[in-house]
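Student: Enclosed is the structure file structure-v3.txt (compact mmCIF, C-alpha atoms).
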# COMPACT_ATOMS: atom_id res chain seq x y z
CA MET A 1 13.02 -0.20 -21.41
CA GLY A 2 9.93 -2.35 -21.81
CA TYR A 3 6.66 -2.28 -19.91
CA TYR A 4 4.01 -4.96 -20.13
CA VAL A 5 0.55 -3.49 -20.82
CA PRO A 6 -2.65 -5.48 -20.19
CA ARG A 7 -5.20 -5.28 -23.01
CA GLY A 8 -8.18 -7.05 -21.45
CA GLY A 9 -10.21 -9.37 -23.62
CA LEU A 10 -11.31 -12.87 -22.66
CA PRO A 11 -9.59 -16.26 -23.00
CA ALA A 12 -10.99 -18.51 -25.68
CA GLN A 13 -13.57 -21.09 -24.60
CA THR A 14 -11.01 -23.72 -25.59
CA ALA A 15 -8.33 -22.34 -23.22
CA LEU A 16 -7.19 -24.49 -20.31
CA THR A 17 -8.51 -23.47 -16.90
CA THR A 18 -5.28 -24.54 -15.21
CA ASP A 19 -3.17 -21.49 -14.40
CA ARG A 20 -0.58 -20.12 -11.98
CA ALA A 21 -3.07 -18.07 -9.92
CA ARG A 22 -2.57 -18.59 -6.19
CA PHE A 23 -3.99 -17.06 -3.04
CA THR A 24 -2.42 -18.16 0.24
CA GLU A 25 -2.14 -16.80 3.76
CA SER A 26 1.35 -15.45 3.03
CA TYR A 27 1.34 -14.52 -0.67
CA ALA A 28 -0.78 -14.23 -3.79
CA VAL A 29 0.01 -14.47 -7.50
CA LEU A 30 -2.29 -12.86 -10.09
CA PRO A 31 -1.10 -13.96 -13.54
CA ALA A 32 -1.26 -11.57 -16.46
CA ARG A 33 -4.36 -13.16 -17.94
CA THR A 34 -6.24 -12.35 -14.73
CA MET A 35 -6.60 -8.85 -16.20
CA SER A 36 -9.52 -9.74 -18.47
CA ASP A 37 -12.68 -7.85 -19.37
CA ILE A 38 -14.77 -9.58 -16.70
CA THR A 39 -12.37 -8.63 -13.88
CA ALA A 40 -12.20 -4.92 -14.75
CA SER A 41 -13.74 -2.29 -12.44
CA LEU A 42 -14.99 1.29 -12.76
CA LEU A 43 -14.50 4.27 -10.46
CA PRO A 44 -16.67 7.29 -9.64
CA ASN A 45 -15.48 10.67 -10.98
CA TRP A 46 -13.71 9.02 -13.95
CA THR A 47 -14.79 8.92 -17.60
CA ALA A 48 -13.78 6.43 -20.33
CA THR A 49 -11.70 4.55 -17.75
CA ARG A 50 -11.48 1.03 -16.39
CA LEU A 51 -9.04 -0.59 -14.01
CA TRP A 52 -7.89 -3.85 -12.54
CA VAL A 53 -7.53 -3.98 -8.76
CA LEU A 54 -4.39 -5.92 -7.90
CA ALA A 55 -4.38 -5.36 -4.14
CA ARG A 56 -6.55 -3.69 -1.54
CA PRO A 57 -6.68 -3.64 2.27
CA LEU A 58 -8.54 -6.80 3.20
CA THR A 59 -8.42 -9.16 6.16
CA GLY A 60 -5.96 -11.88 5.24
CA PHE A 61 -4.56 -9.88 2.32
CA ALA A 62 -2.87 -6.49 1.77
CA GLU A 63 -2.75 -4.37 4.91
CA THR A 64 -0.96 -1.15 3.99
CA PHE A 65 -1.77 -0.30 0.35
CA SER A 66 -3.95 -0.66 -2.71
CA GLN A 67 -2.68 -1.05 -6.27
CA TYR A 68 -4.52 -0.63 -9.57
CA ILE A 69 -3.70 -0.89 -13.26
CA VAL A 70 -5.73 1.89 -14.86
CA GLU A 71 -6.61 2.12 -18.57
CA VAL A 72 -7.84 5.55 -19.70
CA GLY A 73 -9.56 5.78 -23.07
CA ALA A 74 -9.23 8.67 -25.52
CA GLY A 75 -10.68 11.80 -23.96
CA GLY A 76 -11.09 10.10 -20.59
CA GLY A 77 -9.79 10.93 -17.17
CA SER A 78 -10.81 12.69 -13.98
CA ASP A 79 -10.88 16.13 -12.39
CA ARG A 80 -11.05 14.44 -8.99
CA PRO A 81 -9.14 11.17 -9.15
CA GLU A 82 -8.56 10.72 -5.39
CA VAL A 83 -11.49 10.75 -2.97
CA ASP A 84 -9.62 9.95 0.28
CA GLU A 85 -8.12 13.06 1.86
CA ARG A 86 -5.60 10.94 3.82
CA ALA A 87 -4.20 9.19 0.75
CA GLU A 88 -0.82 9.59 -0.90
CA GLY A 89 -0.13 7.94 -4.21
CA VAL A 90 2.32 7.00 -6.93
CA LEU A 91 1.51 6.95 -10.64
CA PHE A 92 3.73 5.03 -13.06
CA VAL A 93 2.82 5.20 -16.75
CA VAL A 94 3.40 2.17 -18.98
CA ASP A 95 1.54 3.11 -22.18
CA GLY A 96 0.27 6.19 -24.01
CA GLU A 97 0.43 9.73 -22.71
CA LEU A 98 -1.32 11.39 -19.77
CA GLU A 99 -1.76 15.04 -18.82
CA LEU A 100 -1.27 15.42 -15.08
CA GLY A 101 -2.42 18.57 -13.36
CA LEU A 102 -0.57 18.81 -10.05
CA ASP A 103 -0.94 21.75 -7.69
CA GLY A 104 -1.44 24.21 -10.53
CA ALA A 105 1.29 22.88 -12.85
CA THR A 106 0.78 20.68 -15.92
CA HIS A 107 2.98 17.67 -16.67
CA ILE A 108 2.93 15.28 -19.61
CA LEU A 109 3.60 11.71 -18.49
CA GLU A 110 4.95 9.26 -21.08
CA PRO A 111 5.80 5.58 -20.53
CA GLY A 112 8.30 5.53 -17.69
CA GLY A 113 6.81 8.70 -16.20
CA TYR A 114 6.53 8.65 -12.39
CA ALA A 115 4.62 10.98 -10.10
CA TYR A 116 4.45 11.04 -6.32
CA LEU A 117 1.20 12.64 -5.14
CA GLY A 118 1.46 13.92 -1.61
CA VAL A 119 -1.45 14.15 0.81
CA GLY A 120 -3.80 16.99 -0.09
CA SER A 121 -2.39 17.55 -3.57
CA GLU A 122 -4.68 19.13 -6.16
CA VAL A 123 -4.70 16.57 -8.97
CA THR A 124 -6.35 16.11 -12.35
CA LEU A 125 -5.50 13.40 -14.87
CA HIS A 126 -6.60 13.23 -18.51
CA ASN A 127 -5.81 11.38 -21.72
CA ARG A 128 -5.78 13.98 -24.51
CA GLY A 129 -4.57 11.48 -27.11
CA ALA A 130 -6.41 9.30 -29.61
CA GLY A 131 -5.43 5.93 -28.09
CA THR A 132 -5.56 4.43 -24.62
CA ALA A 133 -3.13 5.32 -21.84
CA THR A 134 -2.29 2.91 -19.02
CA PHE A 135 -0.69 3.50 -15.64
CA HIS A 136 -0.13 1.89 -12.25
CA TRP A 137 -1.68 3.66 -9.29
CA ILE A 138 -0.43 2.76 -5.81
CA ARG A 139 -2.27 4.34 -2.88
CA LYS A 140 -1.54 4.39 0.84
CA ALA A 141 -2.99 6.15 3.87
CA TYR A 142 -0.17 8.47 4.90
CA GLU A 143 1.10 7.96 8.45
CA GLU A 144 1.75 11.33 10.07
CA VAL A 145 4.61 11.73 12.57
CA ALA A 146 4.81 14.70 14.92
CA GLY A 147 7.76 16.92 14.01
CA ILE A 148 8.24 15.42 10.54
CA GLY A 149 6.57 17.24 7.67
CA ARG A 150 4.81 15.63 4.76
CA PRO A 151 6.90 14.95 1.64
CA PRO A 152 6.14 17.20 -1.34
CA SER A 153 4.69 15.94 -4.60
CA PHE A 154 7.09 15.53 -7.53
CA VAL A 155 7.24 14.27 -11.12
CA THR A 156 10.16 12.46 -12.75
CA HIS A 157 10.94 9.75 -15.29
CA GLU A 158 12.63 6.38 -14.97
CA ARG A 159 15.43 7.42 -17.33
CA ASP A 160 16.39 10.23 -14.94
CA VAL A 161 16.78 7.94 -11.91
CA ALA A 162 20.10 6.13 -11.65
CA ALA A 163 20.08 2.40 -10.97
CA VAL A 164 22.10 1.50 -7.87
CA GLU A 165 23.95 -1.81 -7.97
CA MET A 166 23.35 -4.10 -5.03
CA PRO A 167 26.65 -4.94 -3.28
CA ASP A 168 28.78 -7.73 -4.74
CA THR A 169 26.49 -8.39 -7.72
CA ASN A 170 28.55 -6.83 -10.54
CA GLY A 171 25.42 -5.01 -11.71
CA ALA A 172 23.31 -8.16 -12.09
CA TRP A 173 20.85 -6.78 -9.48
CA ARG A 174 20.03 -3.07 -9.50
CA THR A 175 17.41 -0.82 -7.92
CA GLN A 176 16.09 2.55 -9.05
CA ARG A 177 15.00 4.45 -5.96
CA PHE A 178 12.72 7.39 -6.70
CA VAL A 179 13.07 8.91 -3.23
CA ASP A 180 15.99 9.14 -0.83
CA PRO A 181 15.80 6.08 1.48
CA THR A 182 16.96 8.24 4.42
CA ASP A 183 14.11 10.76 3.97
CA LEU A 184 11.87 9.83 6.90
CA ARG A 185 9.03 11.94 5.57
CA HIS A 186 8.27 9.07 3.20
CA ASP A 187 6.42 6.07 4.63
CA MET A 188 6.41 4.06 1.40
CA HIS A 189 8.83 3.42 -1.44
CA VAL A 190 7.88 2.48 -4.99
CA ASN A 191 11.03 1.40 -6.84
CA ILE A 192 12.01 -0.47 -9.98
CA VAL A 193 14.17 -3.55 -9.50
CA THR A 194 16.16 -5.01 -12.42
CA PHE A 195 17.96 -8.34 -12.74
CA GLU A 196 20.17 -9.31 -15.62
CA PRO A 197 19.74 -12.88 -16.91
CA GLY A 198 21.00 -15.22 -14.21
CA GLY A 199 20.88 -12.51 -11.54
CA ALA A 200 19.47 -13.62 -8.23
CA ILE A 201 18.35 -12.79 -4.73
CA PRO A 202 20.56 -15.51 -3.26
CA PHE A 203 18.90 -15.89 0.14
CA PRO A 204 15.30 -15.95 1.42
CA GLU A 205 14.67 -12.31 2.36
CA THR A 206 12.41 -12.37 5.42
CA HIS A 207 11.43 -8.96 6.75
CA VAL A 208 8.67 -6.77 8.12
CA MET A 209 7.91 -4.90 4.88
CA GLU A 210 4.81 -5.83 2.89
CA HIS A 211 5.35 -6.00 -0.87
CA GLY A 212 3.46 -5.56 -4.08
CA LEU A 213 5.48 -6.66 -7.16
CA TYR A 214 4.30 -6.15 -10.72
CA VAL A 215 6.50 -7.71 -13.39
CA LEU A 216 7.19 -5.11 -16.08
CA GLU A 217 9.44 -7.23 -18.25
CA GLY A 218 11.00 -10.70 -18.48
CA LYS A 219 10.56 -13.85 -16.42
CA ALA A 220 11.97 -15.50 -13.30
CA MET A 221 11.57 -18.23 -10.73
CA TYR A 222 10.40 -16.62 -7.48
CA LEU A 223 10.46 -18.15 -4.02
CA LEU A 224 7.28 -17.20 -2.15
CA ASN A 225 7.22 -18.63 1.37
CA THR A 226 8.02 -22.31 0.67
CA ASP A 227 6.96 -22.41 -3.00
CA TRP A 228 8.96 -21.75 -6.16
CA VAL A 229 6.64 -20.05 -8.66
CA GLU A 230 7.42 -19.16 -12.28
CA VAL A 231 6.43 -15.57 -13.04
CA THR A 232 6.50 -13.47 -16.19
CA GLU A 233 5.69 -9.98 -17.41
CA GLY A 234 2.20 -8.86 -16.49
CA ASP A 235 2.07 -10.98 -13.32
CA PHE A 236 1.45 -9.41 -9.91
CA MET A 237 2.67 -10.77 -6.57
CA TRP A 238 1.57 -9.76 -3.09
CA LEU A 239 3.87 -10.74 -0.21
CA ARG A 240 2.77 -10.51 3.38
CA ALA A 241 5.19 -9.14 5.97
CA PHE A 242 7.81 -11.79 6.84
CA CYS A 243 7.02 -13.92 3.78
CA PRO A 244 10.39 -15.42 2.69
CA GLN A 245 11.33 -14.42 -0.85
CA ALA A 246 14.14 -15.01 -3.34
CA CYS A 247 14.43 -15.24 -7.12
CA TYR A 248 16.46 -16.30 -10.16
CA ALA A 249 16.08 -14.24 -13.34
CA GLY A 250 15.41 -16.58 -16.24
CA GLY A 251 16.52 -14.57 -19.29
CA PRO A 252 17.02 -14.22 -22.17
CA GLY A 253 16.38 -10.54 -21.36
CA LYS A 254 16.15 -8.45 -18.22
CA PHE A 255 13.71 -9.26 -15.41
CA ARG A 256 12.19 -6.04 -14.05
CA TYR A 257 9.43 -5.27 -11.59
CA LEU A 258 7.72 -2.33 -9.92
CA LEU A 259 8.09 -2.80 -6.16
CA TYR A 260 5.99 -1.33 -3.34
CA LYS A 261 7.04 -1.52 0.30
CA ASP A 262 6.04 0.26 3.51
CA VAL A 263 8.96 1.88 5.36
CA ASN A 264 10.15 4.28 8.08
CA ARG A 265 7.39 3.90 10.66
CA HIS A 266 6.83 2.23 14.02
CA ALA A 267 4.94 -1.05 13.95
CA PRO A 268 1.36 -0.18 14.97
CA LEU A 269 0.28 -1.85 18.21
CA TRP A 270 -3.40 -1.61 17.36
CA ARG A 271 -5.61 -0.77 14.41
Kindly present the structure from the file in structure tokens form.
Tutor:
Amino acid sequence: MGYYVPRGGLPAQTALTTDRARFTESYAVLPARTMSDITASLLPNWTATRLWVLARPLTGFAETFSQYIVEVGAGGGSDRPEVDERAEGVLFVVDGELELGLDGATHILEPGGYAYLGVGSEVTLHNRGAGTATFHWIRKAYEEVAGIGRPPSFVTHERDVAAVEMPDTNGAWRTQRFVDPTDLRHDMHVNIVTFEPGGAIPFPETHVMEHGLYVLEGKAMYLLNTDWVEVTEGDFMWLRAFCPQACYAGGPGKFRYLLYKDVNRHAPLWR
């Protein structure tokens, strides 16, 4: 299992300005080199930490979620990482080691480590190691439903989550689902999707779910609305609801991405 890890820095002054970055009314592509020193941000209540904001609620952009790539330096972290009492979150570690305090228990998260943080969880997060540690942090305002309780927090690892083959693909397209899709307590899913070389989404998926896709490994041609875009590890894609999408995995290795989508709720009639 491989995970692309951004390292910051700046392109050389001799580098070409031409790139694959796109921002449209239906999708956006942030190439890997977008995560440079000058695009990094800081957060209150965190020490020795910087992050790259991939998506945030914004008119004409993401509506249901925010997504960060967070780099925590040696000795850094936070005793109060989340400041929004309505927020749920998912952490997915891609480099180093993090100590997660979750509702009184301590967990060590290695690359591939996954944590769902339910609303109101007591959370701390620290890097006790000598190097940096990097993780994805996906946040969403939890949508309460009368008569359905909130889902509990949990910690797992990618290796412990079976990949489910999509029908009639002979394993060329698989999805690791970290929560039960029929559990209506959850209003978002964060999964890992894997394509073998030559694997494909063979039709333009067009649906109500908003997506954030971060390429963990490999490369592919991706259909976004009416455009075919070449993407590779470290790239991020945002897809608006109903944006047509399809892909062909380019090889020579696997094409894998971390996928966010909003699920299991009525369409809001007002905001």
Student: Env of Glu88 (chain A): 7 Å cut, atoms = all atoms listed in the file, seq-sep filter 5 positions within chain, self excluded. Answer as a count of residues only.
Tutor: 7
Student: Please tell me which residues are no farther than 12 Å from (4.6, 7.6, -20.5) in the file, counting only C-alpha atoms, and write them as a PyMOL selection string.
Tutor: chain A and resi 1-3+5+91-100+107-115+127+129+132-136+155-159
Student: If you take only C-alpha atoms and a cut-off of 12 Å, which residues of region 28-56 of chain A touch region 240-250 of chain A, and what are their nearest atom pairs and distances in Å to one decimal, in chain and number order, as a tab-separated table?
Tutor:
residue	atom	partner	partner_atom	distance
A:Ala28	CA	A:Arg240	CA	8.8
A:Val29	CA	A:Arg240	CA	11.9
A:Ala55	CA	A:Arg240	CA	11.6
Student: Quick one: pull the distance between CA of Gly218 (chain A) and CA of His186 (chain A), Å, one decimal.
Tutor: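 Pair CA of Gly218 (chain A) / CA of His186 (chain A) returns 29.5 Å.
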Student: Need the shell around Val215 (chain A): protein/DNA/RNA residues with any atom at most 6 Å away, counting all atoms listed in the file. Skip same-chain ones fewer than 5 positions apart. Format as JSON, numbers by chain?
Tutor: {"A": [233, 234, 235, 256, 257]}
Student: What does region 192-208 of chain A look like written to a file with N, CA, C and O atoms, as a compact mmCIF listing (two decimals), in the first residue's frame?
Tutor:
# COMPACT_ATOMS: atom_id res chain seq x y z
N ILE A 192 -11.87 4.11 0.46
CA ILE A 192 -10.73 4.01 -0.45
C ILE A 192 -11.16 3.19 -1.66
O ILE A 192 -11.67 2.07 -1.51
N VAL A 193 -10.96 3.76 -2.84
CA VAL A 193 -11.31 3.09 -4.09
C VAL A 193 -10.02 2.70 -4.80
O VAL A 193 -9.09 3.51 -4.90
N THR A 194 -9.97 1.47 -5.30
CA THR A 194 -8.78 0.94 -5.98
C THR A 194 -9.15 0.39 -7.35
O THR A 194 -10.13 -0.35 -7.48
N PHE A 195 -8.35 0.78 -8.35
CA PHE A 195 -8.47 0.21 -9.69
C PHE A 195 -7.15 -0.47 -10.05
O PHE A 195 -6.08 0.11 -9.86
N GLU A 196 -7.24 -1.66 -10.59
CA GLU A 196 -6.08 -2.29 -11.19
C GLU A 196 -5.80 -1.63 -12.54
O GLU A 196 -6.69 -0.99 -13.11
N PRO A 197 -4.58 -1.75 -13.06
CA PRO A 197 -4.28 -1.16 -14.36
C PRO A 197 -5.31 -1.59 -15.42
O PRO A 197 -5.60 -2.78 -15.56
N GLY A 198 -5.87 -0.61 -16.11
CA GLY A 198 -6.89 -0.89 -17.11
C GLY A 198 -8.29 -0.93 -16.56
O GLY A 198 -9.26 -0.93 -17.33
N GLY A 199 -8.45 -0.95 -15.23
CA GLY A 199 -9.78 -0.90 -14.63
C GLY A 199 -10.46 0.41 -14.94
O GLY A 199 -9.79 1.43 -15.18
N ALA A 200 -11.78 0.41 -14.93
CA ALA A 200 -12.50 1.60 -15.38
C ALA A 200 -13.84 1.75 -14.69
O ALA A 200 -14.45 0.77 -14.26
N ILE A 201 -14.29 2.99 -14.59
CA ILE A 201 -15.70 3.30 -14.40
C ILE A 201 -16.24 3.47 -15.82
O ILE A 201 -15.92 4.47 -16.49
N PRO A 202 -17.02 2.52 -16.32
CA PRO A 202 -17.29 2.47 -17.75
C PRO A 202 -18.49 3.30 -18.21
O PRO A 202 -18.95 3.13 -19.34
N PHE A 203 -19.01 4.15 -17.34
CA PHE A 203 -20.13 5.01 -17.73
C PHE A 203 -20.04 6.29 -16.94
O PHE A 203 -19.44 6.32 -15.85
N PRO A 204 -20.59 7.39 -17.41
CA PRO A 204 -20.52 8.66 -16.68
C PRO A 204 -21.47 8.64 -15.48
O PRO A 204 -22.67 8.88 -15.62
N GLU A 205 -20.93 8.32 -14.30
CA GLU A 205 -21.74 8.39 -13.08
C GLU A 205 -22.26 9.82 -12.92
O GLU A 205 -21.49 10.78 -12.98
N THR A 206 -23.55 9.95 -12.70
CA THR A 206 -24.16 11.29 -12.54
C THR A 206 -25.16 11.17 -11.41
O THR A 206 -26.19 10.51 -11.55
N HIS A 207 -24.83 11.75 -10.26
CA HIS A 207 -25.64 11.51 -9.07
C HIS A 207 -25.58 12.69 -8.11
O HIS A 207 -24.79 13.63 -8.29
N VAL A 208 -26.39 12.61 -7.08
CA VAL A 208 -26.59 13.74 -6.17
C VAL A 208 -25.42 13.93 -5.20
O VAL A 208 -25.26 15.01 -4.64
